[in-house]
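Below you'll find the structure, written out as structure tokens, and then a few comments.
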Amino acid sequence: MFTINIDPVLVSFGHMAIHWYGVIVVLAILAGVWLVSREARRKGLPDSRLDSMITWVIVAGFTGARLLHVIDHWSVYAADPVRALHIWEGGLAIWGAVLGGLLAMALFAWRHGLRLGFLADMVAPGLVLGQAIGRVACIITGDAVGVPTDGPLGLAYVRPGAMVPQLGVYYTPVPVYEVVGNLLILGLIWRLRQKSLPDGLLFLVYLALYGVQRFVVGFGSSYQIVAWGMTQSQIIALLGLAVSIPLAYLVWRLHARATTVLVSSQD
């Protein structure tokens, strides 16, 4: 059991305040962009194209993350919709960021004549790194913790302003599990990226693994049950698995078939 005694506000200036949540989210974005930039150079994508794509993806990803969170917690925002703009209070749905960013990347690829799979593979390591760092904000502020627990692992928050239902109660450390899971996924796809994989397969592996992670940890989540005894995140995770696994198999089979045809023609 661990007690978190960190003020969610990092520093304040009169009525203005800088929150840990916002600072860590910015660091997560910067770290993700750094890793994407490194992969872009390795894959030979020009800096001008990269800068434009990153802008598209960040704006769309951030918008999607906030929008999905507000939809999922509409009972909280219905009485005061303006609070949906209070991003410093926390509340970003990672699935919304993935979906929004992927849509922006697809539009960018279409507009510039690039392969979506190529871009998605390039982004995957930076995306999961950003997710791992971003969840640290949830650990500090109490956002996205799980159901109350009596051990052996639990997080209790004692500072006013922590985003938990009740101070002093131990909750399942769902964000900690997600940080660990994201780092394991990063380690795997970082190794896989060095292999000659067909375009899009690396991103699909990430999507499948992340879907499994979110589905499993969702059983300890305190999020609202939407249907079939599952949260919104778990349902989206299952949809992601239903898409990523068959598509990954198809991409791999087409690549293997093309390789076989090429070898046969050379013989």
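Chain lettering (A, B, ...) mirrors the order of the structure tokens, residue numbering begins at 1 for each chain separately, and ligand numbering begins at 1 in order of display.
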What's around A:Tyr170 at 8 Å? Count only C-alpha atoms, leave out sequence neighbours fewer than 3 positions away in its own chain, and write the answer as a ChimeraX atom specification. /A:1,148-150,154-157
Quick one: write out the picked residues with C-alpha atoms as a PDB file, in the first residue's frame?
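Saved file out35.pdb follows:
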ATOM      1  CA  MET A   1       0.000   0.000   0.000  1.00  0.00           C
ATOM      2  CA  PRO A 148     -11.209   0.448  -3.743  1.00  0.00           C
ATOM      3  CA  THR A 149      -8.934  -2.365  -2.632  1.00  0.00           C
ATOM      4  CA  ASP A 150      -7.658  -3.863   0.611  1.00  0.00           C
ATOM      5  CA  GLY A 154      -3.173   0.157  -3.524  1.00  0.00           C
ATOM      6  CA  LEU A 155      -2.842   3.926  -3.810  1.00  0.00           C
ATOM      7  CA  ALA A 156      -4.374   6.335  -1.300  1.00  0.00           C
ATOM      8  CA  TYR A 157      -4.458  10.100  -1.805  1.00  0.00           C
TER       9      TYR A 157
END
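Those residues in stretch 15-247 of chain A carrying a DSSP assignment of strand (DSSP E or B), computed from the backbone, are Met16, Ala17, Ile18, His19, Gly146, Pro148, Leu155, Ala156, Tyr157, Tyr171, Ser221, Ile225, Val226, Ala227, Met230 and Thr231 of chain A.
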Can you write out the residues you just picked, keeping N, CA and C atoms, as a PDB file, in the first residue's frame?
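So result24.pdb came out as:
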ATOM      1  N   MET A  16      -3.810  31.968 -11.030  1.00  0.00           N
ATOM      2  CA  MET A  16      -3.247  31.097 -12.066  1.00  0.00           C
ATOM      3  C   MET A  16      -2.497  29.944 -11.403  1.00  0.00           C
ATOM      4  N   ALA A  17      -2.545  28.781 -12.032  1.00  0.00           N
ATOM      5  CA  ALA A  17      -1.860  27.619 -11.465  1.00  0.00           C
ATOM      6  C   ALA A  17      -1.357  26.712 -12.578  1.00  0.00           C
ATOM      7  N   ILE A  18      -0.232  26.083 -12.306  1.00  0.00           N
ATOM      8  CA  ILE A  18       0.310  25.075 -13.213  1.00  0.00           C
ATOM      9  C   ILE A  18       0.139  23.726 -12.528  1.00  0.00           C
ATOM     10  N   HIS A  19      -0.579  22.819 -13.174  1.00  0.00           N
ATOM     11  CA  HIS A  19      -0.899  21.524 -12.593  1.00  0.00           C
ATOM     12  C   HIS A  19       0.078  20.452 -13.077  1.00  0.00           C
ATOM     13  N   GLY A 146      -8.423   2.753  -9.963  1.00  0.00           N
ATOM     14  CA  GLY A 146      -9.443   1.715 -10.015  1.00  0.00           C
ATOM     15  C   GLY A 146     -10.369   1.711  -8.824  1.00  0.00           C
ATOM     16  N   PRO A 148     -11.860   0.585  -5.062  1.00  0.00           N
ATOM     17  CA  PRO A 148     -11.209   0.448  -3.743  1.00  0.00           C
ATOM     18  C   PRO A 148     -10.677  -0.970  -3.541  1.00  0.00           C
ATOM     19  N   LEU A 155      -3.271   2.536  -3.907  1.00  0.00           N
ATOM     20  CA  LEU A 155      -2.842   3.926  -3.810  1.00  0.00           C
ATOM     21  C   LEU A 155      -3.904   4.721  -3.069  1.00  0.00           C
ATOM     22  N   ALA A 156      -3.470   5.453  -2.041  1.00  0.00           N
ATOM     23  CA  ALA A 156      -4.374   6.335  -1.300  1.00  0.00           C
ATOM     24  C   ALA A 156      -3.872   7.766  -1.453  1.00  0.00           C
ATOM     25  N   TYR A 157      -4.806   8.690  -1.608  1.00  0.00           N
ATOM     26  CA  TYR A 157      -4.458  10.100  -1.805  1.00  0.00           C
ATOM     27  C   TYR A 157      -4.953  10.906  -0.609  1.00  0.00           C
ATOM     28  N   TYR A 171      -7.019   2.638  -3.518  1.00  0.00           N
ATOM     29  CA  TYR A 171      -7.628   2.258  -4.788  1.00  0.00           C
ATOM     30  C   TYR A 171      -6.672   1.385  -5.600  1.00  0.00           C
ATOM     31  N   SER A 221     -10.920  -1.234 -13.117  1.00  0.00           N
ATOM     32  CA  SER A 221     -11.216   0.183 -13.282  1.00  0.00           C
ATOM     33  C   SER A 221     -12.485   0.582 -12.544  1.00  0.00           C
ATOM     34  N   ILE A 225     -19.805   1.209 -16.038  1.00  0.00           N
ATOM     35  CA  ILE A 225     -20.125   0.061 -16.879  1.00  0.00           C
ATOM     36  C   ILE A 225     -21.109   0.526 -17.952  1.00  0.00           C
ATOM     37  N   VAL A 226     -20.768   0.259 -19.212  1.00  0.00           N
ATOM     38  CA  VAL A 226     -21.598   0.712 -20.331  1.00  0.00           C
ATOM     39  C   VAL A 226     -22.530  -0.391 -20.816  1.00  0.00           C
ATOM     40  N   ALA A 227     -21.983  -1.580 -21.055  1.00  0.00           N
ATOM     41  CA  ALA A 227     -22.790  -2.692 -21.560  1.00  0.00           C
ATOM     42  C   ALA A 227     -22.046  -3.994 -21.346  1.00  0.00           C
ATOM     43  N   MET A 230     -19.009  -4.363 -19.087  1.00  0.00           N
ATOM     44  CA  MET A 230     -17.725  -3.788 -19.476  1.00  0.00           C
ATOM     45  C   MET A 230     -17.798  -2.267 -19.561  1.00  0.00           C
ATOM     46  N   THR A 231     -16.643  -1.633 -19.405  1.00  0.00           N
ATOM     47  CA  THR A 231     -16.537  -0.187 -19.551  1.00  0.00           C
ATOM     48  C   THR A 231     -16.412   0.163 -21.029  1.00  0.00           C
TER      49      THR A 231
END
Could you list, as an MDAnalysis selection string, every residue within 10 Å of A:Leu10, counting only C-alpha atoms and ignoring same-chain residues fewer than 2 positions away? chainID A and resid 6:8 12 17:23
Limited to N, CA and C atoms, could you put the picked residues into a file as an mmCIF file, in the first residue's frame?
data_model
loop_
_atom_site.group_PDB
_atom_site.id
_atom_site.type_symbol
_atom_site.label_atom_id
_atom_site.label_comp_id
_atom_site.auth_asym_id
_atom_site.auth_seq_id
_atom_site.Cartn_x
_atom_site.Cartn_y
_atom_site.Cartn_z
ATOM 1 N N ILE A 6 1.138 14.245 -2.839
ATOM 2 C CA ILE A 6 1.645 15.254 -3.770
ATOM 3 C C ILE A 6 0.503 16.197 -4.130
ATOM 4 N N ASP A 7 0.753 17.481 -4.021
ATOM 5 C CA ASP A 7 -0.256 18.472 -4.392
ATOM 6 C C ASP A 7 -0.439 18.437 -5.913
ATOM 7 N N PRO A 8 -1.668 18.236 -6.415
ATOM 8 C CA PRO A 8 -1.896 18.236 -7.863
ATOM 9 C C PRO A 8 -1.468 19.525 -8.542
ATOM 10 N N SER A 12 1.502 27.871 -8.144
ATOM 11 C CA SER A 12 0.392 28.783 -8.418
ATOM 12 C C SER A 12 0.864 30.221 -8.333
ATOM 13 N N ALA A 17 -2.545 28.781 -12.032
ATOM 14 C CA ALA A 17 -1.860 27.619 -11.465
ATOM 15 C C ALA A 17 -1.357 26.712 -12.578
ATOM 16 N N ILE A 18 -0.232 26.083 -12.306
ATOM 17 C CA ILE A 18 0.310 25.075 -13.213
ATOM 18 C C ILE A 18 0.139 23.726 -12.528
ATOM 19 N N HIS A 19 -0.579 22.819 -13.174
ATOM 20 C CA HIS A 19 -0.899 21.524 -12.593
ATOM 21 C C HIS A 19 0.078 20.452 -13.077
ATOM 22 N N TRP A 20 0.338 19.507 -12.202
ATOM 23 C CA TRP A 20 1.184 18.374 -12.570
ATOM 24 C C TRP A 20 0.640 17.680 -13.813
ATOM 25 N N TYR A 21 -0.668 17.555 -13.870
ATOM 26 C CA TYR A 21 -1.291 16.837 -14.986
ATOM 27 C C TYR A 21 -0.876 17.452 -16.328
ATOM 28 N N GLY A 22 -1.019 18.766 -16.433
ATOM 29 C CA GLY A 22 -0.684 19.446 -17.678
ATOM 30 C C GLY A 22 0.792 19.345 -18.017
ATOM 31 N N VAL A 23 1.650 19.489 -17.002
ATOM 32 C CA VAL A 23 3.097 19.428 -17.236
ATOM 33 C C VAL A 23 3.500 18.060 -17.766
#
Pick out each residue of stretch 166-244 of chain A that DSSP on the backbone tags as helix (DSSP H, G or I); I need them as JSON, numbers by chain. {"A": [174, 175, 176, 177, 178, 179, 180, 181, 182, 183, 184, 185, 186, 187, 188, 189, 190, 191, 192, 201, 202, 203, 204, 205, 206, 207, 208, 209, 210, 211, 212, 213, 214, 215, 216, 217, 218, 219, 220, 232, 233, 234, 235, 236, 237, 238, 239, 240, 241, 242, 243, 244]}
Write the residues of the preceding selection, restricted to C-alpha atoms, as a CSV table (one decimal), in the first residue's frame.
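See part.csv below for the written result:
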chain,number,residue,atom,x,y,z
A,174,VAL,CA,-4.7,0.9,-12.6
A,175,PRO,CA,-2.4,3.7,-13.9
A,176,VAL,CA,0.7,1.9,-12.5
A,177,TYR,CA,-0.3,-1.3,-14.3
A,178,GLU,CA,-0.7,0.7,-17.5
A,179,VAL,CA,2.7,2.3,-17.3
A,180,VAL,CA,4.3,-1.1,-16.9
A,181,GLY,CA,2.2,-2.6,-19.7
A,182,ASN,CA,3.0,0.3,-22.0
A,183,LEU,CA,6.7,0.0,-21.4
A,184,LEU,CA,6.6,-3.7,-22.1
A,185,ILE,CA,4.8,-3.1,-25.4
A,186,LEU,CA,7.4,-0.4,-26.2
A,187,GLY,CA,10.2,-2.8,-25.6
A,188,LEU,CA,8.7,-5.4,-27.9
A,189,ILE,CA,7.8,-3.2,-30.8
A,190,TRP,CA,11.2,-1.5,-30.5
A,191,ARG,CA,12.8,-4.8,-31.2
A,192,LEU,CA,10.3,-5.7,-33.9
A,201,LEU,CA,2.1,-4.6,-39.2
A,202,LEU,CA,4.1,-3.0,-36.4
A,203,PHE,CA,1.2,-0.6,-35.6
A,204,LEU,CA,-1.3,-3.5,-35.7
A,205,VAL,CA,0.9,-5.4,-33.2
A,206,TYR,CA,0.9,-2.4,-30.9
A,207,LEU,CA,-2.9,-2.0,-31.3
A,208,ALA,CA,-3.6,-5.6,-30.5
A,209,LEU,CA,-1.3,-5.7,-27.4
A,210,TYR,CA,-2.6,-2.4,-26.2
A,211,GLY,CA,-6.2,-3.7,-26.6
A,212,VAL,CA,-5.4,-6.7,-24.5
A,213,GLN,CA,-3.8,-4.5,-21.8
A,214,ARG,CA,-6.8,-2.1,-21.6
A,215,PHE,CA,-9.3,-5.0,-21.6
A,216,VAL,CA,-7.5,-6.8,-18.8
A,217,VAL,CA,-6.9,-3.8,-16.5
A,218,GLY,CA,-10.4,-2.5,-17.2
A,219,PHE,CA,-11.7,-5.1,-14.8
A,220,GLY,CA,-10.1,-3.2,-12.0
A,232,GLN,CA,-16.4,1.9,-22.7
A,233,SER,CA,-12.6,1.4,-22.8
A,234,GLN,CA,-13.0,-2.4,-22.7
A,235,ILE,CA,-15.6,-2.4,-25.5
A,236,ILE,CA,-13.3,-0.2,-27.7
A,237,ALA,CA,-10.4,-2.5,-26.8
A,238,LEU,CA,-12.4,-5.5,-28.1
A,239,LEU,CA,-13.3,-3.7,-31.3
A,240,GLY,CA,-9.6,-2.9,-31.7
A,241,LEU,CA,-8.7,-6.5,-31.3
A,242,ALA,CA,-11.4,-7.6,-33.7
A,243,VAL,CA,-9.9,-5.2,-36.3
A,244,SER,CA,-6.1,-5.5,-35.6
Grab the atom CA of A:Ile71 to atom CA of A:Arg83 distance for me, in Å with one decimal place. 12.5 Å
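Here the question is which of A:Gly168, A:Gly126, A:Pro198, A:Gly229 gets nearest to A:Ile29 using only C-alpha atoms, and that residue is A:Gly126.
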Once you count only C-alpha atoms, what closest atom pair and distance in Å to one decimal does each residue of stretch 64-147 of chain A within 7 Å of stretch 35-51 of chain A have, with rows by chain and rising residue number, as a tab-separated table?
residue	atom	partner	partner_atom	distance
A:Met122	CA	A:Glu39	CA	5.7
A:Val123	CA	A:Val36	CA	5.4
A:Pro125	CA	A:Leu35	CA	7.0
A:Gly126	CA	A:Leu35	CA	4.9
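In terms of minimum interatomic distance to A:Gly96, A:Arg66 ranks closest within A:Arg193, A:Arg159, A:Arg66, A:His15, counting only C-alpha atoms.
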